Structures are given as structure tokens and as C-alpha cells.
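Asker: Contents are TSV, C-alpha atoms; file name target11.tsv:
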chain	number	residue	atom	x	y	z
C	1294	LEU	CA	90.02	178.32	118.02
C	1295	ALA	CA	92.48	181.21	117.46
C	1296	ALA	CA	93.30	179.89	113.97
C	1297	LEU	CA	89.64	179.47	113.04
C	1298	LEU	CA	88.69	182.90	114.36
C	1299	GLY	CA	91.69	184.76	112.93
C	1300	ASN	CA	91.58	183.24	109.46
C	1301	GLY	CA	87.79	183.43	109.38
C	1302	LEU	CA	87.90	187.16	110.18
C	1303	ILE	CA	90.49	187.82	107.48
C	1304	ILE	CA	88.45	185.90	104.88
C	1305	THR	CA	85.27	187.78	105.85
C	1306	ALA	CA	86.98	191.18	105.93
C	1307	ILE	CA	88.54	190.73	102.48
C	1308	ALA	CA	85.36	189.31	100.95
C	1309	CYS	CA	83.13	192.07	102.33
C	1310	ASN	CA	85.37	195.11	101.77
C	1311	HIS	CA	85.65	196.17	98.13
C	1312	HIS	CA	88.74	198.30	98.96
C	1313	LEU	CA	90.60	195.04	99.57
C	1314	HIS	CA	89.71	193.51	96.22
C	1315	ASN	CA	93.22	193.67	94.77
C	1316	PRO	CA	95.86	191.00	94.01
C	1317	MET	CA	97.64	191.14	97.39
C	1318	TYR	CA	94.46	190.50	99.36
C	1319	PHE	CA	93.17	188.03	96.77
C	1320	PHE	CA	96.20	185.84	97.48
C	1321	LEU	CA	95.97	186.48	101.24
C	1322	LEU	CA	92.37	185.22	101.20
C	1323	LYS	CA	93.51	182.02	99.49
C	1324	VAL	CA	96.31	181.56	102.06
C	1325	SER	CA	93.80	181.98	104.90
C	1326	LEU	CA	91.55	179.34	103.33
C	1327	LEU	CA	94.51	176.94	103.14
C	1328	ASP	CA	95.45	177.70	106.76
C	1329	LEU	CA	91.89	176.85	107.82
C	1330	GLY	CA	92.03	173.62	105.85
C	1331	SER	CA	95.46	172.67	107.21
C	1332	ILE	CA	94.56	173.09	110.86
C	1333	SER	CA	91.16	171.43	110.34
C	1334	THR	CA	92.94	168.36	108.93
C	1335	THR	CA	95.08	167.62	111.98
C	1336	LEU	CA	93.67	169.27	115.09
C	1337	PRO	CA	90.13	167.81	115.34
C	1338	LYS	CA	91.45	164.23	115.30
C	1339	ALA	CA	94.25	165.13	117.73
C	1340	MET	CA	91.70	166.69	120.11
C	1341	ASP	CA	89.47	163.63	119.81
C	1342	ASN	CA	92.43	161.39	120.64
C	1343	SER	CA	93.31	163.52	123.65
C	1344	LEU	CA	89.78	163.86	125.04
C	1345	TRP	CA	88.70	160.26	124.60
C	1346	ASP	CA	92.12	158.62	124.94
C	1347	ASN	CA	91.56	156.98	121.56
C	1348	ARG	CA	94.70	157.04	119.43
C	1349	ALA	CA	93.35	154.92	116.57
C	1350	ILE	CA	92.76	156.14	113.02
C	1351	SER	CA	91.50	154.04	110.13
C	1352	TYR	CA	93.70	153.24	107.13
C	1353	GLN	CA	91.39	155.27	104.87
C	1354	GLY	CA	91.28	158.10	107.41
C	1355	CYS	CA	95.06	158.20	107.57
C	1356	ALA	CA	95.32	158.31	103.77
C	1357	ALA	CA	92.76	161.13	103.59
C	1358	GLN	CA	94.53	163.09	106.31
C	1359	LEU	CA	97.91	162.71	104.59
C	1360	PHE	CA	96.47	163.77	101.23
C	1361	MET	CA	94.78	166.88	102.64
C	1362	LEU	CA	97.81	167.90	104.69
C	1363	VAL	CA	100.26	167.60	101.78
C	1364	PHE	CA	97.84	169.50	99.53
C	1365	PHE	CA	97.28	172.36	101.98
C	1366	ILE	CA	100.94	172.73	102.99
C	1367	LEU	CA	102.42	172.65	99.48
C	1368	ALA	CA	99.67	174.78	97.92
C	1369	GLU	CA	100.24	177.39	100.64
C	1370	PHE	CA	104.00	177.43	100.02
C	1371	TYR	CA	103.45	177.92	96.29
C	1372	LEU	CA	100.96	180.70	97.03
C	1373	LEU	CA	103.47	182.40	99.34
C	1374	THR	CA	105.91	182.29	96.43
C	1375	VAL	CA	103.31	183.93	94.17
C	1376	MET	CA	102.76	186.58	96.85
C	1377	ALA	CA	106.49	187.37	96.79
C	1378	TYR	CA	106.17	187.96	93.04
C	1379	ASP	CA	103.17	190.23	93.72
C	1380	ARG	CA	105.23	192.33	96.18
C	1381	TYR	CA	108.19	192.40	93.76
C	1382	VAL	CA	106.07	193.75	90.91
C	1383	ALA	CA	104.26	196.24	93.18
C	1384	ILE	CA	107.50	197.76	94.48
C	1385	CYS	CA	110.04	197.20	91.70
C	1386	LYS	CA	107.76	197.53	88.64
C	1387	PRO	CA	104.77	199.60	89.85
C	1388	LEU	CA	103.93	200.93	86.37
C	1389	HIS	CA	103.45	197.36	85.11
C	1390	TYR	CA	101.48	196.13	88.13
C	1391	GLY	CA	98.06	196.29	86.50
C	1392	THR	CA	99.34	194.51	83.39
C	1393	LEU	CA	101.37	191.74	85.05
C	1394	LEU	CA	98.86	191.09	87.84
C	1395	GLY	CA	95.47	191.51	86.25
C	1396	SER	CA	92.51	189.53	87.52
C	1397	ARG	CA	92.99	186.74	84.97
C	1398	ALA	CA	96.72	186.42	85.77
C	1399	CYS	CA	95.95	186.24	89.50
C	1400	VAL	CA	93.38	183.49	88.99
C	1401	HIS	CA	95.82	181.53	86.81
C	1402	MET	CA	98.64	181.82	89.37
C	1403	ALA	CA	96.38	180.81	92.26
C	1404	ALA	CA	95.02	177.89	90.24
C	1405	ALA	CA	98.58	176.80	89.38
C	1406	ALA	CA	99.54	176.86	93.07
C	1407	TRP	CA	96.48	174.85	94.11
C	1408	GLY	CA	96.84	172.48	91.15
C	1409	SER	CA	100.52	171.83	91.92
C	1410	GLY	CA	99.67	171.10	95.54
C	1411	PHE	CA	96.89	168.74	94.47
C	1412	LEU	CA	99.16	166.86	92.03
C	1413	HIS	CA	101.87	166.40	94.65
C	1414	ALA	CA	99.29	165.26	97.20
C	1415	VAL	CA	97.91	162.63	94.80
C	1416	LEU	CA	101.39	161.31	93.93
C	1417	HIS	CA	102.67	161.18	97.51
C	1418	THR	CA	99.51	159.66	98.97
C	1419	ALA	CA	99.16	157.01	96.25
C	1420	ASN	CA	102.82	156.07	96.47
C	1421	THR	CA	103.06	156.09	100.28
C	1422	PHE	CA	100.01	153.88	100.73
C	1423	SER	CA	101.12	151.45	98.05
C	1424	ILE	CA	104.14	150.55	100.21
C	1425	PRO	CA	103.74	147.33	102.22
C	1426	LEU	CA	104.02	147.98	105.96
C	1427	CYS	CA	105.47	145.32	108.23
C	1428	GLN	CA	106.92	147.30	111.17
C	1429	GLY	CA	103.66	147.58	113.09
C	1430	ASN	CA	100.97	150.23	112.77
C	1431	ALA	CA	101.93	152.81	115.44
C	1432	LEU	CA	103.08	156.30	114.42
C	1433	ASP	CA	105.16	158.52	116.72
C	1434	GLN	CA	103.10	161.55	115.70
C	1435	PHE	CA	99.66	163.07	116.34
C	1436	PHE	CA	98.80	162.97	112.62
C	1437	CYS	CA	99.68	160.85	109.59
C	1438	GLU	CA	102.98	162.07	108.16
C	1439	ILE	CA	105.04	160.59	105.31
C	1440	PRO	CA	108.35	160.13	107.22
C	1441	GLN	CA	106.57	158.36	110.07
C	1442	ILE	CA	104.73	156.02	107.68
C	1443	LEU	CA	107.95	155.24	105.78
C	1444	LYS	CA	109.49	154.03	109.05
C	1445	LEU	CA	106.97	151.15	108.94
C	1446	SER	CA	107.97	150.10	105.42
C	1447	CYS	CA	109.50	146.70	104.69
C	1448	SER	CA	110.12	147.20	100.95
C	1449	ASP	CA	113.35	148.97	100.02
C	1450	SER	CA	112.35	149.57	96.39
C	1451	ASP	CA	108.98	151.13	97.26
C	1452	TYR	CA	110.62	153.12	100.05
C	1453	LEU	CA	113.23	154.52	97.67
C	1454	ARG	CA	110.52	155.41	95.12
C	1455	GLU	CA	108.76	157.59	97.68
C	1456	VAL	CA	112.08	159.08	98.80
C	1457	GLY	CA	112.72	159.97	95.14
C	1458	LEU	CA	109.36	161.75	94.98
C	1459	LEU	CA	110.21	163.60	98.18
C	1460	VAL	CA	113.53	164.70	96.67
C	1461	ILE	CA	111.71	166.03	93.57
C	1462	SER	CA	109.26	167.95	95.78
C	1463	ALA	CA	112.17	169.27	97.85
C	1464	CYS	CA	113.96	170.47	94.70
C	1465	LEU	CA	110.83	172.31	93.52
C	1466	SER	CA	110.41	173.83	96.97
C	1467	LEU	CA	114.08	174.86	96.92
C	1468	GLY	CA	113.50	176.57	93.59
C	1469	CYS	CA	110.58	178.49	95.13
C	1470	LEU	CA	112.75	179.40	98.13
C	1471	VAL	CA	115.50	180.74	95.85
C	1472	PHE	CA	112.88	182.78	93.99
C	1473	LEU	CA	111.61	184.16	97.32
C	1474	VAL	CA	115.12	185.17	98.42
C	1475	VAL	CA	115.99	186.79	95.09
C	1476	SER	CA	112.65	188.65	95.03
C	1477	TYR	CA	113.19	190.09	98.50
C	1478	VAL	CA	116.77	191.10	97.74
C	1479	GLN	CA	115.43	193.09	94.77
C	1480	ILE	CA	112.60	194.49	96.91
C	1481	LEU	CA	115.02	195.59	99.64
C	1482	ARG	CA	117.25	197.34	97.12
C	1483	ALA	CA	114.23	199.13	95.62
C	1484	VAL	CA	112.85	200.18	99.01
C	1485	LEU	CA	116.18	201.61	100.15
C	1486	ARG	CA	116.20	203.80	97.03
C	1487	ILE	CA	112.82	205.38	97.95
C	1488	PRO	CA	113.65	208.96	99.01
C	1489	SER	CA	110.87	209.56	101.55
C	1490	GLU	CA	110.74	207.84	104.93
C	1491	GLN	CA	106.95	207.53	104.65
C	1492	GLY	CA	107.29	205.72	101.32
C	1493	ARG	CA	109.84	203.30	102.76
C	1494	HIS	CA	107.62	202.63	105.78
C	1495	LYS	CA	104.59	201.93	103.57
C	1496	ALA	CA	106.59	199.54	101.38
C	1497	PHE	CA	108.00	197.70	104.39
C	1498	SER	CA	104.56	197.44	106.01
C	1499	THR	CA	103.25	195.44	103.04
C	1500	CYS	CA	106.33	193.19	102.79
C	1501	LEU	CA	107.39	192.44	106.36
C	1502	PRO	CA	104.26	190.42	107.33
C	1503	HIS	CA	104.66	188.21	104.26
C	1504	LEU	CA	108.39	187.80	104.95
C	1505	ALA	CA	107.67	186.90	108.60
C	1506	VAL	CA	105.08	184.27	107.59
C	1507	VAL	CA	107.45	182.75	105.01
C	1508	SER	CA	110.31	182.66	107.53
C	1509	LEU	CA	108.19	180.95	110.19
C	1510	TYR	CA	106.74	178.50	107.67
C	1511	VAL	CA	110.05	177.56	106.03
C	1512	SER	CA	112.19	177.42	109.18
C	1513	THR	CA	109.83	175.10	111.07
C	1514	ALA	CA	109.26	172.84	108.05
C	1515	ILE	CA	112.99	172.58	107.28
C	1516	PHE	CA	113.88	171.85	110.90
C	1517	ALA	CA	111.09	169.27	111.16
C	1518	HIS	CA	112.35	167.23	108.22
C	1519	LEU	CA	116.08	168.02	107.96
C	1520	LYS	CA	117.19	168.17	111.60
C	1521	PRO	CA	120.24	166.03	112.50
C	1522	PRO	CA	119.38	162.50	113.68
C	1523	SER	CA	121.56	163.10	116.76
C	1524	ILE	CA	119.03	165.56	118.21
C	1525	SER	CA	115.93	163.73	117.01
C	1526	SER	CA	113.51	162.43	119.62
C	1527	PRO	CA	109.77	161.63	119.70
C	1528	VAL	CA	109.07	164.66	121.91
C	1529	LEU	CA	111.06	167.05	119.71
C	1530	ASN	CA	109.42	165.64	116.56
C	1531	LEU	CA	106.01	166.24	118.13
C	1532	VAL	CA	106.83	169.82	119.16
C	1533	VAL	CA	108.28	170.80	115.76
C	1534	SER	CA	105.40	169.21	113.84
C	1535	PHE	CA	102.97	171.07	116.11
C	1536	LEU	CA	104.75	174.33	115.27
C	1537	TYR	CA	104.44	174.05	111.49
C	1538	SER	CA	101.05	172.30	111.33
C	1539	VAL	CA	99.16	174.16	114.09
C	1540	VAL	CA	101.02	177.23	115.40
C	1541	SER	CA	101.90	178.66	111.98
C	1542	PRO	CA	98.27	178.74	110.69
C	1543	ALA	CA	97.16	180.17	114.05
C	1544	VAL	CA	99.61	183.10	114.15
C	1545	ASN	CA	99.53	183.98	110.43
C	1546	PRO	CA	96.40	186.18	110.79
C	1547	LEU	CA	98.04	188.06	113.68
C	1548	ILE	CA	101.23	188.64	111.67
C	1549	TYR	CA	99.36	189.86	108.59
C	1550	SER	CA	97.08	192.24	110.49
C	1551	MET	CA	99.71	193.63	112.90
C	1552	ARG	CA	101.29	196.15	110.48
C	1553	ASN	CA	98.55	196.39	107.86
C	1554	GLN	CA	96.35	199.42	108.51
C	1555	GLU	CA	93.95	198.64	105.62
C	1556	LEU	CA	93.29	195.18	107.01
C	1557	LYS	CA	92.92	196.55	110.56
C	1558	ASP	CA	90.32	199.07	109.37
C	1559	ALA	CA	88.40	196.36	107.52
C	1560	LEU	CA	88.45	194.13	110.63
C	1561	TRP	CA	87.19	197.00	112.83
C	1562	LYS	CA	84.27	197.54	110.42
C	1563	LEU	CA	83.20	193.95	111.08
C	1564	ALA	CA	82.98	194.63	114.82
Kindly return the structure encoded in the file as C-alpha cells.
Answerer:
Amino acid sequence: LAALLGNGLIITAIACNHHLHNPMYFFLLKVSLLDLGSISTTLPKAMDNSLWDNRAISYQGCAAQLFMLVFFILAEFYLLTVMAYDRYVAICKPLHYGTLLGSRACVHMAAAAWGSGFLHAVLHTANTFSIPLCQGNALDQFFCEIPQILKLSCSDSDYLREVGLLVISACLSLGCLVFLVVSYVQILRAVLRIPSEQGRHKAFSTCLPHLAVVSLYVSTAIFAHLKPPSISSPVLNLVVSFLYSVVSPAVNPLIYSMRNQELKDALWKLA
């Protein structure tokens, strides 16, 4: 409910307030849409399972859930990378901001992020569900997730093909992460050179929420999939997956609005 309300308010505030019709809020609106989609993919079924003690999901339903989840998660990560570029240009190259981030460029970058997420979702879903499963049909998770499905595989060649796709996706994500780090190093250097304290505070107030969201998103996702086998357990897997699939979309609106006075004012106007 918090995720639906928070992201819904941000979407409405940005759409209805013409002062927020700029690249930063354009991308934030798209991230909020993806957060809504992500949490709507996993939580309704999990709540249904909990309320009615029915842990079954159809094969087609599992495939659809996996496709949507991969699409929303990867598209959001690519959009967060684009948002880092937006902050870099705004702070490090302010005179070129209007040229580098015009309306057409913003649409193209958002479309590239969504398109990349869609392509990865198609490849991973098609490949994962082409693998023959012979280790039962029970997943140790409250939603359909690639690592859990691969545990049921009985074909080494098909398993390795999907692992190869996962490695490619991980390499692309690593490239985005490196870009994020380099962008924020440059941003930090530029902000520290701003002479006035008010100017530094304004610059930090637009960057820190994005940096906090990226840190939460990346840290929980990395820990979920790269934690040492020695500390792995069904309960820990469940908790970590809950953090990146449910908690992150729920707290993102709070993080973005906490230090952003423009967004706060727009939200108060809705009241």
C-alpha cells in the first residue's frame, strides 16, 4: 500500500505540475512507473498465497511473472544509470544541459532503457522456460526467480546457456555500475569546487536521493545473488529478495521526496 500510494503520488505530482516538466523529473516519473509495476508483479500473488494458504502458480503465470520482474528490475537499473548522466550534465556541464538533454534525447534514453530491459526479459524468460525441469516443481521463494528455477534443471547444457546469459547481463550491469561510480566521482569533485554553501547544498539535495536509491537497489540485488553459499539459507534468501523486490520500490518515493523541496511543494498542492 505504501509503494502504491507513494509512487502514485509522485507520478501524479510530476504529471500535474508544469514546473516539474524537466529531464530529472521525467526520468523520476518513469522510475516510479517501474516501481509500481515491479511491486505489482510479486506482491499480489504473495498476498493471495498468504491469505488463502495457496502456494500454487501456473506454469504460464510463473513465466509471465518472471518476464515482468526481469523487465521492471533491469529497465529501472538502466534508467537509474541515465539519471546519473542527467545529474552529471546538470552539475558538471550546466551550459550544455539543454543541448545534451533535450526532450528528444530524454525520450530516446528512456526508450533505450525500457527496450534493453524488454530484450533481456524476453531472452531470459524464453531460455529459462525452455530448460527441462526434473527436480520437482517447488520453489524456495515467494515469486518466480531465475536462480530458483535453475535449481530444478536436469540439463547441464541448457543450464549453462542460461548462466551464460546471466553473465552477459551481469557484465552490462557492471558497466552501468562503473558509469554510475565515475559519474558521481566527477559530480563530487564539481560540487566541492562550488564556492557558496547554498550552491553546494542545492547540488547535493538533487544528487543524494538518487545516490541513496542506487545504493539500496544495487546492494540488495548484489547480496541476493552473489552472497557466499556458506551463509545462504531459505529464510535469508526470502528476506533479501523481499528487500530488493518489495522494500526498495516502497521506500524510493520517501527517499526522493525527503530532500527535494520542489517535489514536496508539488505533493502539498495535491493535498
Asker: Taking only C-alpha atoms into account, name the residue in C:Ala1414, C:Leu1426, C:Ile1304, C:Cys1385 that is nearest to Tyr1352 (chain C).
Answerer: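 Looking at the shortest contact to Tyr1352 (chain C), the residue is C:Leu1426.
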Asker: Quick one: residues within 12 Å of Val1507 (chain C), only C-alpha atoms counted, chain neighbours fewer than 4 positions away excluded, as a PyMOL selection string?
Answerer: chain C and resi 1324+1369-1377+1469-1470+1473-1474+1477+1500-1503+1511-1515+1537+1541-1542+1545+1548-1549
Asker: Hey, can I get the axis-aligned box for region 1329-1334 of chain C? All listed atoms, 5 Å padding on each side, centre and edge lengths in Å to one decimal, as AutoDock Vina command-line options.
Answerer:
--center_x 93.3 --center_y 172.6 --center_z 108.4 --size_x 14.3 --size_y 18.5 --size_z 15.0
Asker: Which of these, C:Val1382, C:Leu1326, C:Val1415, C:Ala1357, has the shortest distance to Gln1479 (chain C) once you count all atoms listed in the file?
Answerer: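 Using all atoms listed in the file, the shortest distance to Gln1479 (chain C) belongs to C:Val1382.
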Asker: One decimal, Å: what's the distance from CA of Leu1297 (chain C) over to CA of Gly1408 (chain C), could you say?
Answerer: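 Distance between the two atoms: 24.1 Å.
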Asker: How many Å lie between CA of Ile1350 (chain C) and CA of Pro1337 (chain C), rounded to one decimal?
Answerer: 12.2 Å
Asker: May I ask for the distance between CA of Thr1335 (chain C) and CA of Cys1309 (chain C), given in Å to one decimal place?
Answerer: 28.9 Å
Asker: Using only C-alpha atoms, which residues sit within 10 Å of Leu1560 (chain C) once same-chain residues fewer than 5 positions away are excluded, as a ChimeraX atom specification?
Answerer: /C:1302-1303,1305-1307,1310,1550,1554-1555
Asker: Would you save the residues from that selection as a PDB file, in the coordinates of the input, using C-alpha atoms?
Answerer:
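Once written, again_12.pdb looks like this:
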ATOM      1  CA  LEU C1302      87.900 187.160 110.180  1.00  0.00           C
ATOM      2  CA  ILE C1303      90.490 187.820 107.480  1.00  0.00           C
ATOM      3  CA  THR C1305      85.270 187.780 105.850  1.00  0.00           C
ATOM      4  CA  ALA C1306      86.980 191.180 105.930  1.00  0.00           C
ATOM      5  CA  ILE C1307      88.540 190.730 102.480  1.00  0.00           C
ATOM      6  CA  ASN C1310      85.370 195.110 101.770  1.00  0.00           C
ATOM      7  CA  SER C1550      97.080 192.240 110.490  1.00  0.00           C
ATOM      8  CA  GLN C1554      96.350 199.420 108.510  1.00  0.00           C
ATOM      9  CA  GLU C1555      93.950 198.640 105.620  1.00  0.00           C
TER      10      GLU C1555
END
Asker: With distances taken over only C-alpha atoms, which residue among C:Leu1359, C:Ile1442, C:Ile1461, C:Cys1427 lies nearest Phe1411 (chain C)?
Answerer: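 Checking each candidate against Phe1411 (chain C), we get C:Leu1359 as the closest.
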Asker: Find, counting all atoms listed in the file, the residue in C:Cys1437, C:Ser1396, C:Gly1391, C:His1311 that gets nearest to Lys1338 (chain C).
Answerer: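 Using all atoms listed in the file, the shortest distance to Lys1338 (chain C) belongs to C:Cys1437.
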